[in-house]
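A short worksheet on the structure shown next.
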Amino acid sequence: MNPNVQTFFDPATFTATHLVSDPATGVAAIIDPVLDFEPKGGKLSTTSADAVLQAVADQGLSLAYVLETHAHADHLSAGDHIRRRTGTRLVIGKHIADVQRVFAPMFDADDVPTDGRQFDILLGEGDSLPLGELTIGVLHTPGHTPACNSYLIGDAAFVGDTLFMPDYGTARSDFPGGDARTLYRSIQKILALPPATRVFVGHDYLPAGRSDYRWETTVAAEAADNVHVGGQASEDGFVAMREARDRTLAPPTLILPALQVNIRGGALPPASPSGKVFLKLPVTFA
């Protein structure tokens, strides 16, 4: 049996949030939900996440998990908001501790234990969780970050930022703990899945010549046509391309607010004595 998949696309951050459910039981998971953040005014809202929760309610689904593919640098996670609203469990790769150990000191985040305890379930390669009559399997697919997991549910693979649509390519690998060679090898694990496997990506950015956002492809299409790794691209060639490309990329717009929220499982930093919540902006000299 294969899952039902409904996708909610956030054009502000180009993020695809996937609502995955077992047709037989209605047990569901939300993958990579977005907490809306307007950086110029520092305004937060839960509009995007609440739309997904409304779909859960409208379809009579039973929400079992929020699955994070990694600690995102391009949007704030709504994982903690959904957990507090529903009591569901928050899941991420067990190597989130490696990410926390890098970024908690960057923000002087003394309140952040660097052992992943902000999450309810930590998963590694080969682990699994039940989703009704289906099973959530785990591929550890680092390279973009050390904690990246891809989730396998029936005929569907949810790959986060590791792969994008074939005409856009692959994730950057220049964040702390990222590595282009590791990313290539992680992608080969995905491409080794059955060719008909549906692949759901975590973002879509419009390449030249395309005007519609997309988030679903197949292993066969990625293997044949991905502009970075398709057609049996060599490991050394990919590493040279990826490292050169990454040197031209600016940091994501929301990287600083996103990381200090996402290493907390989507929770905000503690309030100040006055009751205000602040996100920090570390300043460096060029």
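Here, A, B, ... name the chains of the structure tokens in the order displayed, residue numbers run from 1 inside each chain, and ligands are numbered from 1 in the same displayed order.
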- What's the 10 Å shell around stretch 36-42 of chain A, counting only C-alpha atoms, without same-chain residues fewer than 3 positions away, as a PyMOL selection string? chain A and resi 10+12-13+33+45-49+75-78+253-254+257-258+278-279
I need the chosen residues saved as a tab-separated table (two decimals), in the first residue's frame, with N, CA, C and O atoms.
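New file again.tsv:
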```
chain	number	residue	atom	x	y	z
A	10	ASP	N	4.99	27.00	0.16
A	10	ASP	CA	5.14	28.34	0.72
A	10	ASP	C	6.02	29.17	-0.21
A	10	ASP	O	7.25	29.00	-0.23
A	12	ALA	N	7.00	32.19	-0.06
A	12	ALA	CA	7.94	33.11	0.59
A	12	ALA	C	9.30	32.46	0.82
A	12	ALA	O	10.33	33.14	0.74
A	13	THR	N	9.31	31.16	1.10
A	13	THR	CA	10.58	30.46	1.34
A	13	THR	C	10.80	29.32	0.35
A	13	THR	O	11.78	28.59	0.48
A	33	PRO	N	7.16	21.40	8.23
A	33	PRO	CA	6.20	22.51	8.28
A	33	PRO	C	6.90	23.86	8.48
A	33	PRO	O	7.97	23.94	9.09
A	45	SER	N	3.85	34.31	12.31
A	45	SER	CA	2.47	33.83	12.28
A	45	SER	C	2.48	32.33	12.01
A	45	SER	O	3.50	31.78	11.57
A	46	THR	N	1.37	31.70	12.26
A	46	THR	CA	1.26	30.25	12.07
A	46	THR	C	0.29	29.91	10.94
A	46	THR	O	-0.23	28.80	10.89
A	47	THR	N	0.09	30.84	10.04
A	47	THR	CA	-0.91	30.66	8.98
A	47	THR	C	-0.64	29.41	8.15
A	47	THR	O	-1.54	28.61	7.88
A	48	SER	N	0.62	29.23	7.72
A	48	SER	CA	0.94	28.09	6.85
A	48	SER	C	0.74	26.78	7.58
A	48	SER	O	0.14	25.83	7.05
A	49	ALA	N	1.24	26.68	8.80
A	49	ALA	CA	1.11	25.45	9.57
A	49	ALA	C	-0.35	25.16	9.90
A	49	ALA	O	-0.79	24.00	9.86
A	75	HIS	N	14.06	28.46	6.41
A	75	HIS	CA	12.76	28.81	7.00
A	75	HIS	C	12.73	28.36	8.44
A	75	HIS	O	13.50	27.48	8.86
A	76	LEU	N	11.87	28.98	9.21
A	76	LEU	CA	11.67	28.59	10.60
A	76	LEU	C	10.69	27.42	10.63
A	76	LEU	O	9.69	27.41	9.92
A	77	SER	N	10.98	26.45	11.46
A	77	SER	CA	10.13	25.27	11.57
A	77	SER	C	8.91	25.56	12.45
A	77	SER	O	9.03	26.19	13.50
A	78	ALA	N	7.77	25.02	12.03
A	78	ALA	CA	6.56	25.08	12.85
A	78	ALA	C	6.37	23.80	13.65
A	78	ALA	O	5.29	23.55	14.18
A	253	THR	N	18.38	34.00	3.15
A	253	THR	CA	17.90	35.23	3.80
A	253	THR	C	17.58	35.01	5.27
A	253	THR	O	17.88	35.86	6.11
A	254	LEU	N	17.00	33.87	5.61
A	254	LEU	CA	16.53	33.64	6.98
A	254	LEU	C	17.47	32.75	7.79
A	254	LEU	O	17.08	32.27	8.86
A	257	PRO	N	17.84	33.84	11.83
A	257	PRO	CA	16.67	33.53	12.66
A	257	PRO	C	16.29	32.05	12.60
A	257	PRO	O	15.89	31.47	13.61
A	258	ALA	N	16.42	31.43	11.43
A	258	ALA	CA	15.97	30.05	11.29
A	258	ALA	C	16.78	29.11	12.17
A	258	ALA	O	16.21	28.27	12.88
A	278	PHE	N	13.53	37.69	21.82
A	278	PHE	CA	14.49	38.26	20.88
A	278	PHE	C	15.20	37.16	20.10
A	278	PHE	O	15.55	36.11	20.66
A	279	LEU	N	15.41	37.40	18.82
A	279	LEU	CA	16.30	36.59	18.01
A	279	LEU	C	17.59	37.39	17.84
A	279	LEU	O	17.56	38.59	17.56
```
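The environment of A:Ala192 within 10 Å, counting only C-alpha atoms and disregarding residues fewer than 3 places along the same chain, consists of Ile187, Gln188, Lys189, Pro195, Val219, Ala220 and Ala223 of chain A.
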- Query: Got a sec: who's within 7 Å of stretch 86-94 of chain A, counting only C-alpha atoms, leaving out chain neighbours fewer than 5 positions off, as an NGL selection string?
  - Reply: :A and (63-70 or 79 or 119-124 or 147-149)
Selected residues written out with N, CA, C and O atoms, as a compact mmCIF listing (two decimals), in the first residue's frame:
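Result saved to again-v4.txt:
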```
# COMPACT_ATOMS: atom_id res chain seq x y z
N LEU A 63 -2.97 12.60 13.41
CA LEU A 63 -1.59 13.03 13.23
C LEU A 63 -0.68 12.33 14.24
O LEU A 63 -0.87 12.46 15.45
N ALA A 64 0.30 11.60 13.73
CA ALA A 64 1.21 10.84 14.59
C ALA A 64 2.55 11.53 14.78
O ALA A 64 3.15 11.41 15.86
N TYR A 65 3.05 12.22 13.74
CA TYR A 65 4.40 12.77 13.80
C TYR A 65 4.51 14.07 13.00
O TYR A 65 3.79 14.27 12.02
N VAL A 66 5.45 14.88 13.42
CA VAL A 66 6.05 15.89 12.55
C VAL A 66 7.46 15.40 12.26
O VAL A 66 8.25 15.17 13.18
N LEU A 67 7.78 15.22 10.99
CA LEU A 67 9.09 14.75 10.57
C LEU A 67 9.89 15.92 10.00
O LEU A 67 9.44 16.57 9.05
N GLU A 68 11.04 16.18 10.58
CA GLU A 68 11.95 17.18 10.04
C GLU A 68 13.05 16.45 9.27
O GLU A 68 13.69 15.53 9.80
N THR A 69 13.27 16.85 8.02
CA THR A 69 14.35 16.22 7.26
C THR A 69 15.72 16.69 7.72
O THR A 69 16.71 15.98 7.56
N HIS A 70 15.79 17.90 8.32
CA HIS A 70 17.05 18.42 8.86
C HIS A 70 16.74 19.74 9.57
O HIS A 70 15.58 20.17 9.61
N GLY A 79 7.43 23.00 13.77
CA GLY A 79 7.30 21.73 14.46
C GLY A 79 6.82 21.86 15.90
O GLY A 79 5.93 21.12 16.34
N PHE A 119 13.70 17.32 20.67
CA PHE A 119 12.89 16.49 19.79
C PHE A 119 12.46 15.25 20.56
O PHE A 119 13.11 14.82 21.50
N ASP A 120 11.36 14.64 20.12
CA ASP A 120 10.82 13.48 20.82
C ASP A 120 11.43 12.17 20.35
O ASP A 120 11.55 11.23 21.13
N ILE A 121 11.79 12.10 19.08
CA ILE A 121 12.34 10.87 18.51
C ILE A 121 13.52 11.25 17.62
O ILE A 121 13.40 12.13 16.75
N LEU A 122 14.65 10.58 17.82
CA LEU A 122 15.84 10.77 17.00
C LEU A 122 16.08 9.49 16.21
O LEU A 122 16.15 8.40 16.78
N LEU A 123 16.22 9.62 14.89
CA LEU A 123 16.31 8.46 14.01
C LEU A 123 17.62 8.46 13.23
O LEU A 123 18.12 9.51 12.83
N GLY A 124 18.13 7.25 12.98
CA GLY A 124 19.32 7.08 12.16
C GLY A 124 19.08 6.08 11.05
O GLY A 124 17.97 5.53 10.90
N ALA A 147 22.82 16.15 9.73
CA ALA A 147 21.63 15.51 10.30
C ALA A 147 20.56 15.19 9.27
O ALA A 147 19.46 14.79 9.64
N CYS A 148 20.84 15.35 7.99
CA CYS A 148 19.81 15.14 6.97
C CYS A 148 19.37 13.68 6.91
O CYS A 148 20.20 12.78 6.78
N ASN A 149 18.08 13.46 6.98
CA ASN A 149 17.46 12.16 6.77
C ASN A 149 16.50 12.25 5.60
O ASN A 149 15.82 13.28 5.41
```
- stretch 15-257 of chain A: residues DSSP assigns to strand (DSSP E or B), reported as an MDAnalysis selection string: chainID A and resid 15:21 27:31 34:38 43:45 62:67 76:77 89:93 121:123 128:131 134:140 149:153 156:158 163 170 198:200 203 216:218
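If you measure from each of A:Pro252, A:Gly178, A:Gly265, A:Gly132 to A:Ala28 using only C-alpha atoms, the closest one turns out to be A:Gly132.
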